[in-house]
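Below: data.pdb (PDB, C-alpha atoms)
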```pdb
MODEL        1
ATOM      1  CA  MET A   8      16.793   9.979   4.841  1.00  0.00           C
ATOM      2  CA  SER A   9      13.181  10.468   5.877  1.00  0.00           C
ATOM      3  CA  LYS A  10      11.243  13.566   4.888  1.00  0.00           C
ATOM      4  CA  THR A  11       9.445  15.524   7.587  1.00  0.00           C
ATOM      5  CA  PHE A  12       5.760  16.232   7.056  1.00  0.00           C
ATOM      6  CA  LYS A  13       4.033  18.949   9.047  1.00  0.00           C
ATOM      7  CA  LEU A  14       0.445  17.899   8.601  1.00  0.00           C
ATOM      8  CA  LYS A  15      -2.482  20.218   9.161  1.00  0.00           C
ATOM      9  CA  ILE A  16      -5.539  18.149   8.321  1.00  0.00           C
ATOM     10  CA  ARG A  17      -7.791  21.210   8.176  1.00  0.00           C
ATOM     11  CA  ASP A  18      -5.751  22.456   5.188  1.00  0.00           C
ATOM     12  CA  TYR A  19      -6.898  19.526   3.029  1.00  0.00           C
ATOM     13  CA  ASN A  20     -10.119  18.887   1.134  1.00  0.00           C
ATOM     14  CA  ILE A  21     -10.570  15.227   2.055  1.00  0.00           C
ATOM     15  CA  MET A  22     -12.845  13.149  -0.201  1.00  0.00           C
ATOM     16  CA  GLU A  23     -14.387   9.741   0.472  1.00  0.00           C
ATOM     17  CA  GLY A  24     -11.799   7.228   1.609  1.00  0.00           C
ATOM     18  CA  GLY A  25      -9.361   9.913   2.690  1.00  0.00           C
ATOM     19  CA  PHE A  26      -8.359  10.816  -0.849  1.00  0.00           C
ATOM     20  CA  LEU A  27      -7.083  14.307  -1.509  1.00  0.00           C
ATOM     21  CA  ILE A  28      -7.096  13.933  -5.292  1.00  0.00           C
ATOM     22  CA  GLU A  29      -9.522  12.609  -7.877  1.00  0.00           C
ATOM     23  CA  THR A  30      -8.903   9.011  -8.909  1.00  0.00           C
ATOM     24  CA  GLU A  31     -10.553   6.395 -11.077  1.00  0.00           C
ATOM     25  CA  ILE A  32     -10.881   2.660 -10.469  1.00  0.00           C
ATOM     26  CA  LYS A  33     -10.770   0.547 -13.622  1.00  0.00           C
ATOM     27  CA  HIS A  34      -9.146  -2.596 -15.021  1.00  0.00           C
ATOM     28  CA  SER A  35      -5.450  -2.670 -14.128  1.00  0.00           C
ATOM     29  CA  SER A  36      -2.825  -2.233 -16.819  1.00  0.00           C
ATOM     30  CA  ILE A  37      -1.050  -5.262 -15.267  1.00  0.00           C
ATOM     31  CA  PRO A  38      -2.273  -8.530 -16.832  1.00  0.00           C
ATOM     32  CA  GLY A  39      -4.207 -10.636 -14.321  1.00  0.00           C
ATOM     33  CA  ALA A  40      -4.060  -8.002 -11.569  1.00  0.00           C
ATOM     34  CA  GLY A  41      -7.783  -7.192 -11.480  1.00  0.00           C
ATOM     35  CA  ARG A  42      -8.740  -3.632 -10.682  1.00  0.00           C
ATOM     36  CA  GLY A  43      -6.387  -0.716 -10.296  1.00  0.00           C
ATOM     37  CA  ARG A  44      -6.658   2.901  -9.196  1.00  0.00           C
ATOM     38  CA  PHE A  45      -5.548   5.610 -11.630  1.00  0.00           C
ATOM     39  CA  PHE A  46      -4.590   9.267 -11.286  1.00  0.00           C
ATOM     40  CA  ALA A  47      -7.193  11.635 -12.763  1.00  0.00           C
ATOM     41  CA  HIS A  48      -4.723  14.560 -12.857  1.00  0.00           C
ATOM     42  CA  ASP A  49      -0.975  15.145 -12.946  1.00  0.00           C
ATOM     43  CA  CYS A  50       0.735  15.155  -9.524  1.00  0.00           C
ATOM     44  CA  LEU A  51       4.191  16.286  -8.492  1.00  0.00           C
ATOM     45  CA  VAL A  52       6.618  14.169  -6.485  1.00  0.00           C
ATOM     46  CA  GLY A  53       5.966  14.274  -2.730  1.00  0.00           C
ATOM     47  CA  LYS A  54       2.270  15.167  -3.003  1.00  0.00           C
ATOM     48  CA  ILE A  55       0.175  13.634  -0.229  1.00  0.00           C
ATOM     49  CA  ILE A  56      -2.729  11.973  -2.022  1.00  0.00           C
ATOM     50  CA  ARG A  57      -4.502  10.133   0.804  1.00  0.00           C
ATOM     51  CA  ILE A  58      -4.738  10.549   4.579  1.00  0.00           C
ATOM     52  CA  GLN A  59      -6.176   7.769   6.717  1.00  0.00           C
ATOM     53  CA  ASP A  60      -6.725   7.617  10.447  1.00  0.00           C
ATOM     54  CA  MET A  61      -5.155   4.382  11.679  1.00  0.00           C
ATOM     55  CA  ASP A  62      -7.916   3.793  14.241  1.00  0.00           C
ATOM     56  CA  THR A  63     -10.994   4.517  12.111  1.00  0.00           C
ATOM     57  CA  ASP A  64     -10.033   3.977   8.451  1.00  0.00           C
ATOM     58  CA  LEU A  65      -8.248   0.641   8.765  1.00  0.00           C
ATOM     59  CA  ASN A  66      -9.190  -2.718  10.262  1.00  0.00           C
ATOM     60  CA  ILE A  67      -6.435  -3.768  12.653  1.00  0.00           C
ATOM     61  CA  TYR A  68      -5.618  -7.436  13.307  1.00  0.00           C
ATOM     62  CA  LYS A  69      -3.401  -8.314  16.257  1.00  0.00           C
ATOM     63  CA  ASN A  70      -3.294 -12.108  15.990  1.00  0.00           C
ATOM     64  CA  VAL A  71      -4.419 -15.141  13.998  1.00  0.00           C
ATOM     65  CA  ALA A  72      -7.745 -15.336  15.873  1.00  0.00           C
ATOM     66  CA  ASP A  73      -8.619 -11.870  14.503  1.00  0.00           C
ATOM     67  CA  ILE A  74      -7.640 -12.845  10.937  1.00  0.00           C
ATOM     68  CA  VAL A  75      -9.470 -16.178  10.669  1.00  0.00           C
ATOM     69  CA  CYS A  76     -12.790 -14.471  11.448  1.00  0.00           C
ATOM     70  CA  GLU A  77     -12.321 -12.057   8.528  1.00  0.00           C
ATOM     71  CA  ASN A  78     -13.215 -12.469   4.866  1.00  0.00           C
ATOM     72  CA  LYS A  79     -10.367 -14.665   3.549  1.00  0.00           C
ATOM     73  CA  ASP A  80     -10.290 -12.941   0.135  1.00  0.00           C
ATOM     74  CA  LEU A  81      -9.929  -9.558   1.832  1.00  0.00           C
ATOM     75  CA  VAL A  82      -7.092 -10.778   4.040  1.00  0.00           C
ATOM     76  CA  LEU A  83      -5.233 -12.558   1.229  1.00  0.00           C
ATOM     77  CA  ASN A  84      -5.460  -9.711  -1.276  1.00  0.00           C
ATOM     78  CA  PHE A  85      -5.405  -6.527   0.780  1.00  0.00           C
ATOM     79  CA  ALA A  86      -3.874  -7.150   4.229  1.00  0.00           C
ATOM     80  CA  HIS A  87      -0.529  -5.513   4.918  1.00  0.00           C
ATOM     81  CA  SER A  88       1.819  -4.821   7.786  1.00  0.00           C
ATOM     82  CA  ARG A  89       3.149  -1.413   8.738  1.00  0.00           C
ATOM     83  CA  CYS A  90       5.206   0.378   6.141  1.00  0.00           C
ATOM     84  CA  LYS A  91       8.929   0.603   6.835  1.00  0.00           C
ATOM     85  CA  ASP A  92       8.693   4.396   7.067  1.00  0.00           C
ATOM     86  CA  SER A  93       6.655   4.529  10.275  1.00  0.00           C
ATOM     87  CA  ASP A  94       6.825   6.123  13.659  1.00  0.00           C
ATOM     88  CA  ILE A  95       5.094   3.068  15.173  1.00  0.00           C
ATOM     89  CA  ASP A  96       6.578  -0.300  16.055  1.00  0.00           C
ATOM     90  CA  SER A  97       3.843  -2.815  15.505  1.00  0.00           C
ATOM     91  CA  THR A  98       3.314  -6.454  14.615  1.00  0.00           C
ATOM     92  CA  HIS A  99      -0.275  -5.789  13.593  1.00  0.00           C
ATOM     93  CA  VAL A 100      -1.786  -6.371  10.169  1.00  0.00           C
ATOM     94  CA  TYR A 101      -4.025  -3.789   8.511  1.00  0.00           C
ATOM     95  CA  VAL A 102      -6.733  -3.712   5.844  1.00  0.00           C
ATOM     96  CA  ASN A 103      -8.074  -0.451   4.439  1.00  0.00           C
ATOM     97  CA  LYS A 104     -11.812  -0.194   5.123  1.00  0.00           C
ATOM     98  CA  ILE A 105     -12.156   1.463   1.704  1.00  0.00           C
ATOM     99  CA  PRO A 106      -9.951  -0.560  -0.670  1.00  0.00           C
ATOM    100  CA  PHE A 107      -7.092   1.237  -2.389  1.00  0.00           C
ATOM    101  CA  TYR A 108      -6.846  -1.074  -5.441  1.00  0.00           C
ATOM    102  CA  THR A 109      -3.162  -0.443  -6.012  1.00  0.00           C
ATOM    103  CA  ASN A 110      -0.913  -3.065  -7.521  1.00  0.00           C
ATOM    104  CA  HIS A 111       2.803  -3.835  -7.216  1.00  0.00           C
ATOM    105  CA  SER A 112       5.768  -2.476  -9.111  1.00  0.00           C
ATOM    106  CA  SER A 113       9.433  -2.105  -8.212  1.00  0.00           C
ATOM    107  CA  THR A 114       9.181   1.227 -10.040  1.00  0.00           C
ATOM    108  CA  ASN A 115       6.359   2.418  -7.791  1.00  0.00           C
ATOM    109  CA  ASN A 116       4.869   5.902  -8.033  1.00  0.00           C
ATOM    110  CA  ILE A 117       3.312   5.958  -4.554  1.00  0.00           C
ATOM    111  CA  SER A 118       4.492   5.039  -1.092  1.00  0.00           C
ATOM    112  CA  PHE A 119       3.292   5.268   2.497  1.00  0.00           C
ATOM    113  CA  ARG A 120       4.411   6.547   5.850  1.00  0.00           C
ATOM    114  CA  ILE A 121       2.716   6.426   9.209  1.00  0.00           C
ATOM    115  CA  ARG A 122       2.989   9.509  11.401  1.00  0.00           C
ATOM    116  CA  THR A 123       1.130  10.289  14.625  1.00  0.00           C
ATOM    117  CA  GLY A 124      -1.713   7.856  13.954  1.00  0.00           C
ATOM    118  CA  LYS A 125      -2.166   8.777  10.291  1.00  0.00           C
ATOM    119  CA  LYS A 126      -1.318   6.655   7.261  1.00  0.00           C
ATOM    120  CA  LEU A 127      -0.141   9.026   4.530  1.00  0.00           C
ATOM    121  CA  THR A 128       0.049   8.041   0.883  1.00  0.00           C
ATOM    122  CA  TYR A 129       2.313  10.210  -1.262  1.00  0.00           C
ATOM    123  CA  THR A 130       3.789  10.247  -4.754  1.00  0.00           C
ATOM    124  CA  THR A 131       7.387   9.077  -5.136  1.00  0.00           C
ATOM    125  CA  ARG A 132       7.876  10.777  -8.497  1.00  0.00           C
ATOM    126  CA  ASP A 133       5.989  13.098 -10.840  1.00  0.00           C
ATOM    127  CA  VAL A 134       2.990  11.287 -12.357  1.00  0.00           C
ATOM    128  CA  LYS A 135       0.707  12.006 -15.286  1.00  0.00           C
ATOM    129  CA  ALA A 136      -3.075  11.779 -15.435  1.00  0.00           C
ATOM    130  CA  GLY A 137      -4.100   8.281 -16.485  1.00  0.00           C
ATOM    131  CA  GLU A 138      -1.148   6.505 -14.817  1.00  0.00           C
ATOM    132  CA  GLU A 139      -2.005   3.591 -12.578  1.00  0.00           C
ATOM    133  CA  MET A 140      -1.078   3.990  -8.904  1.00  0.00           C
ATOM    134  CA  LEU A 141       1.604   1.426  -8.124  1.00  0.00           C
ATOM    135  CA  GLN A 142       3.181   0.619  -4.790  1.00  0.00           C
ATOM    136  CA  ASN A 143       6.152  -1.567  -3.905  1.00  0.00           C
ATOM    137  CA  TYR A 144       4.836  -4.348  -1.659  1.00  0.00           C
ATOM    138  CA  GLU A 145       8.372  -4.985  -0.429  1.00  0.00           C
ATOM    139  CA  GLU A 146       8.138  -1.743   1.597  1.00  0.00           C
ATOM    140  CA  TYR A 147       6.070  -3.518   4.271  1.00  0.00           C
ATOM    141  CA  THR A 148       7.646  -5.019   7.391  1.00  0.00           C
ATOM    142  CA  PRO A 149       7.610  -8.745   8.227  1.00  0.00           C
ATOM    143  CA  VAL A 150       4.995  -9.935  10.727  1.00  0.00           C
ATOM    144  CA  PRO A 151       5.968 -13.511  11.692  1.00  0.00           C
ATOM    145  CA  TRP A 152       2.608 -14.592  13.171  1.00  0.00           C
ATOM    146  CA  TYR A 153       0.782 -13.418  10.040  1.00  0.00           C
ATOM    147  CA  GLU A 154       3.243 -14.869   7.533  1.00  0.00           C
ATOM    148  CA  ASN A 155       3.260 -18.207   9.435  1.00  0.00           C
ATOM    149  CA  TYR A 156      -0.540 -18.263   9.266  1.00  0.00           C
ATOM    150  CA  LEU A 157      -0.390 -17.653   5.508  1.00  0.00           C
ATOM    151  CA  TYR A 158       2.178 -20.462   5.082  1.00  0.00           C
ATOM    152  CA  SER A 159      -0.235 -22.788   6.929  1.00  0.00           C
ATOM    153  CA  ILE A 160      -2.830 -22.189   4.192  1.00  0.00           C
ATOM    154  CA  ASP A 161      -0.208 -22.316   1.410  1.00  0.00           C
ATOM    155  CA  LYS A 162      -0.196 -18.545   0.756  1.00  0.00           C
ATOM    156  CA  ILE A 163       2.317 -15.698   1.109  1.00  0.00           C
ATOM    157  CA  SER A 164       2.033 -12.088   2.236  1.00  0.00           C
ATOM    158  CA  LEU A 165       1.968  -9.070  -0.066  1.00  0.00           C
ATOM    159  CA  ARG A 166       5.440  -8.226   1.257  1.00  0.00           C
ATOM    160  CA  GLU A 167       6.791 -11.608   0.168  1.00  0.00           C
ATOM    161  CA  LEU A 168       4.982 -11.325  -3.170  1.00  0.00           C
ATOM    162  CA  GLY A 169       6.716  -7.981  -3.708  1.00  0.00           C
ATOM    163  CA  ILE A 170      10.102  -9.540  -2.939  1.00  0.00           C
ATOM    164  CA  LYS A 171       9.439 -12.331  -5.462  1.00  0.00           C
ATOM    165  CA  TYR A 172       8.277  -9.918  -8.185  1.00  0.00           C
ATOM    166  CA  ASN A 173      11.239  -7.608  -7.585  1.00  0.00           C
ATOM    167  CA  MET A 174      13.647 -10.557  -7.900  1.00  0.00           C
ATOM    168  CA  LEU A 175      11.978 -11.693 -11.134  1.00  0.00           C
ATOM    169  CA  GLU A 176      12.184  -8.162 -12.541  1.00  0.00           C
ATOM    170  CA  ALA A 177      15.863  -7.915 -11.632  1.00  0.00           C
ATOM    171  CA  GLU A 178      16.583 -11.276 -13.302  1.00  0.00           C
ATOM    172  CA  SER A 179      14.793 -10.268 -16.499  1.00  0.00           C
ATOM    173  CA  GLU A 180      16.661  -6.959 -16.890  1.00  0.00           C
ATOM    174  CA  PRO A 181      19.413  -7.073 -19.519  1.00  0.00           C
ATOM    175  CA  ALA A 182      22.928  -7.239 -18.129  1.00  0.00           C
ATOM    176  CA  ARG A 183      24.648  -3.856 -17.960  1.00  0.00           C
ATOM    177  CA  GLN A 184      28.137  -3.581 -19.332  1.00  0.00           C
TER     178      GLN A 184
ENDMDL
END
```

Entire entry expressed as structure tokens:
Amino acid sequence: MSKTFKLKIRDYNIMEGGFLIETEIKHSSIPGAGRGRFFAHDCLVGKIIRIQDMDTDLNIYKNVADIVCENKDLVLNFAHSRCKDSDIDSTHVYVNKIPFYTNHSSTNNISFRIRTGKKLTYTTRDVKAGEEMLQNYEEYTPVPWYENYLYSIDKISLRELGIKYNMLEAESEPARQ
């Protein structure tokens, strides 16, 4: 069941990049993952931590011609489709203009929803200061033209990477009796 957000932007103190909370970018706690973004303070479940305007805060790609002109590293590491919890139906691909630097976990502590032209990032559970922000890449929708392009250069989307990691995690969990 989807939560309803009544969003009054004027009620928020929005920092650079649309963040509503203080964060820190440093080396990820996940081996080989590069940089990660960390909570500077405790946050309760359901707290909106970032608000982005879909038209001004994200680059939007509608087809392969748009993607191939972009920085390949940016597209391969940061491009995503719409989140499953959206009020839009789109086959576009998006890249945050100000990188988020979040990594994947099936036990994510943040998630996204798109409502009335805004991409909202919120906490999925209570978090403590110093925790790395982790999203579940599997929460993105498939975009066939984009995933086919990635296959043509022997790569996969973040969504597919999330599916693979989630399957590996499930296989490595001890059997429950």

Residue IDs satisfying the PyMOL selection byres ((chain A and resi 67) around 6), as a ChimeraX atom specification: /A:66,68,100-101

Write the residues of the selection above to a file with C-alpha atoms, as a PDB file, in the frame of the given file.
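Output below, filename result.pdb:
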```
ATOM      1  CA  ASN A  66      -9.190  -2.718  10.262  1.00  0.00           C
ATOM      2  CA  TYR A  68      -5.618  -7.436  13.307  1.00  0.00           C
ATOM      3  CA  VAL A 100      -1.786  -6.371  10.169  1.00  0.00           C
ATOM      4  CA  TYR A 101      -4.025  -3.789   8.511  1.00  0.00           C
TER       5      TYR A 101
END
```

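Coordinates place CA of Glu146 (chain A) at a distance of 8.3 Å from CA of Gly169 (chain A).
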
Ground truth for the PyMOL selection byres ((chain A and resi 81) around 12), written as a list in words: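 Checking the PyMOL selection byres ((chain A and resi 81) around 12) against this file, the residues are Asn66, Ile74, Val75, Cys76, Glu77, Asn78, Lys79, Asp80, Val82, Leu83, Asn84, Phe85, Ala86, His87, Tyr101, Val102, Asn103, Lys104, Ile105, Pro106, Phe107 and Tyr108 of chain A.
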
Proximity check region 39-105 of chain A to region 113-125 of chain A, 8 Å, nearest pairs one decimal Å, only C-alpha atoms, as a tab-separated table:
```
residue	atom	partner	partner_atom	distance
A:Ile58	CA	A:Lys125	CA	6.5
A:Gln59	CA	A:Lys125	CA	5.5
A:Asp60	CA	A:Lys125	CA	4.7
A:Met61	CA	A:Gly124	CA	5.4
A:Asp62	CA	A:Gly124	CA	7.4
A:Arg89	CA	A:Ile121	CA	7.9
A:Cys90	CA	A:Arg120	CA	6.2
A:Lys91	CA	A:Arg120	CA	7.5
A:Asp92	CA	A:Arg120	CA	4.9
A:Ser93	CA	A:Ile121	CA	4.5
A:Asp94	CA	A:Arg122	CA	5.6
A:Ile95	CA	A:Ile121	CA	7.2
```

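Of the listed residues A:Lys54, A:Lys69, A:Lys171, A:His99, the one whose atoms come nearest to Ser112 (chain A) is A:Lys171, with distances taken using all atoms listed in the file.
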
Gap from CA of Asn155 (chain A) to CA of Gly39 (chain A) - Å, one decimal: 26.0 Å

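Of the listed residues (A:Glu178, A:Glu23, A:Glu167, A:Glu139), A:Glu139 comes nearest to Arg42 (chain A); the distances count only C-alpha atoms.
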
Å distance separating CA of Thr130 (chain A) from CA of Ala177 (chain A), one decimal place: 22.9 Å

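Proximity of A:Met174, A:Leu168, A:Val134, A:Met140 to His48 (chain A), computed with all atoms listed in the file, is greatest for A:Val134.
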